[in-house]
Amino acid sequence: MTLIAILITLLYLALIGSLIIGFDKVDSFLLQDIPANTKFSIIIPFRNEANNLPKLLHSISKLNYPKTKFEIIFVDDASTDASLEILQGFLKKEGSNCAIISNKRTTNSPKKDAISLAIQHSKYDWIVTTDADCCLPKYWLDSFDVFIQKTNSDFISAPVTYKNPENFLERFQLLDVLSLQAATIGGFGIKRPFLCNGANLAYKKSLFKLLNGFDGNSNIASGDDIFLLQKALKTRTLKVAYLKCEHAIVRTQPQANFKNLVSQRVRWAAKTQTYKNGFGKLTGFVILLMNALLLSGILLCFVDILKWHILFYLAIIKLSIDVLLIYKGASFFDQKEALRSYIFGFLIYPFFSVYIAFLSFFKGYKWKGRPYNK
């Protein structure tokens with residue numbers, strides 16, 4: 001058993017170490033002051049986001065990009081709160097390049113339906129997606145435009161983080177998302193992209209049509225981002241890239257309570273069971289295996305199958321390599337203050353991750369007031 005535990009830890013060390021190396025291989029992209037060239041159709045699906053829309057709309061009003069070169073399509077997914085009234089008020093004041101359409105449900109994924117419908121209504125060649133609970137940086141579209149002009153990419157993943165935390169639950173979530181973002185960047189750095197985030201994603205409309213949109217995974221409620229990435233990677237003629245630029249960072253809201261956090265993470269975990277990306281599957285399996293090892297190791301030590309000092313050394317190895325990865329993310333996003341909760345977060349994360357994995361296998365979840373069954 002000791003040998004198996006050591007082998008799992010070495011595999012985990014090699015995996016996370018490769019992502020750390022990959023993170024540094026993705027060069028930071030410096031924004032340049034050149035004439036805007038790209039026209040964007042921004043798609044924002046929403047459902048009952050009255051509490052978040054004012055912040056999003058304020059950030060939209062501050063965008064630096066020429067209004068003649070982008071449109072925003074808001075897709076209402078049967079909201080029952082004041083979301084529509086808030087948007088209509090915004091459109092009267094500053095929405096000359098904005099439109100609101102109603103979603104048409106055709107699959108098990110409302111968000112994919114919303115994006116597909118909006119693309120049908122879009123005018124421009126580049127699609128950018130974000131969420132209604134996000135805040136957009138001033139030079140967001142400028143960053144995409146310059147990157148497109150310089151790299152001629154077809155599919156661009158860009159950075160997402162949470163707002164600065166105010167309590168431990170928010171710091172715990174931030175540490176998690178920083179590790180995910182660092183792993184995302186690292187995957188691109190080692191030429192094995194396996195993650196992206198639909199809150200900050202851009203791709204050519206022609207790419208979406210070439211890949212037949214979300215065909216093949218529309219039965220899965222989430223995954224409008226990762227499944228499209230997987231399909232793009234299979235088409236070797238397409239250039240997939242990561243925009244590692246501080247001016248492109250989109251900030252979103254952490255979950256307000258533990259119950260919502262569990263629902264969100266179960267939703268995320270549920271789609272991993274249908275991943276077709278081999279490296280992504282391996283990464284998820286190794287991470288789950290390492291966390292499960294630490295938990296089961298405690299029981300094994302009590303029955304004297306594993307020695308306590310061996311488990312301690314393995315935990316220290318995991319703690320050390322994890323903090324290096326998270327530090328990379330925290331430095332890029334300028335959120336190092338979250339690291340003060342790292343030790344406590346490290347101690348509870350194996351319990352949390354194994355619990356989420358267990359729920360995702362045997363239980364459905366509820367999101368935006370809608371139940372999704374296994």
# chains A, B, ... in the order shown; residues from 1 in each chain; ligands from 1
>>> residues_around(residues="A:Pro35", least_positions_apart="6", cutoff="10 Å", atoms="only C-alpha atoms", output="ChimeraX atom specification")
/A:142,145-146
>>> closest_atom_pairs(of="stretch 73-112 of chain A", to="stretch 36-41 of chain A", cutoff="10 Å", atoms="only C-alpha atoms", output="CSV")
residue,atom,partner,partner_atom,distance
A:Ile73,CA,A:Ser41,CA,7.2
A:Asn97,CA,A:Ser41,CA,9.9
A:Cys98,CA,A:Ser41,CA,9.8
>>> closest_residue(among="A:Val354, A:Ile100, A:Ile72, A:Ala14", to="A:Trp126", atoms="only C-alpha atoms")
A:Ile72
>>> atom_distance(atom1="atom CA of A:Ile156", atom2="atom CA of A:Ile185")
11.7 Å
>>> atom_distance(atom1="atom CA of A:Lys62", atom2="atom CA of A:Lys138")
5.8 Å
>>> select_by_dssp(residues="stretch 7-55 of chain A", states="strand (DSSP E)", output="NGL selection string")
:A and (40-46)
>>> closest_residue(among="A:Leu207, A:Ile356, A:Ile298, A:Ala330", to="A:Arg267", atoms="only C-alpha atoms")
A:Ile356
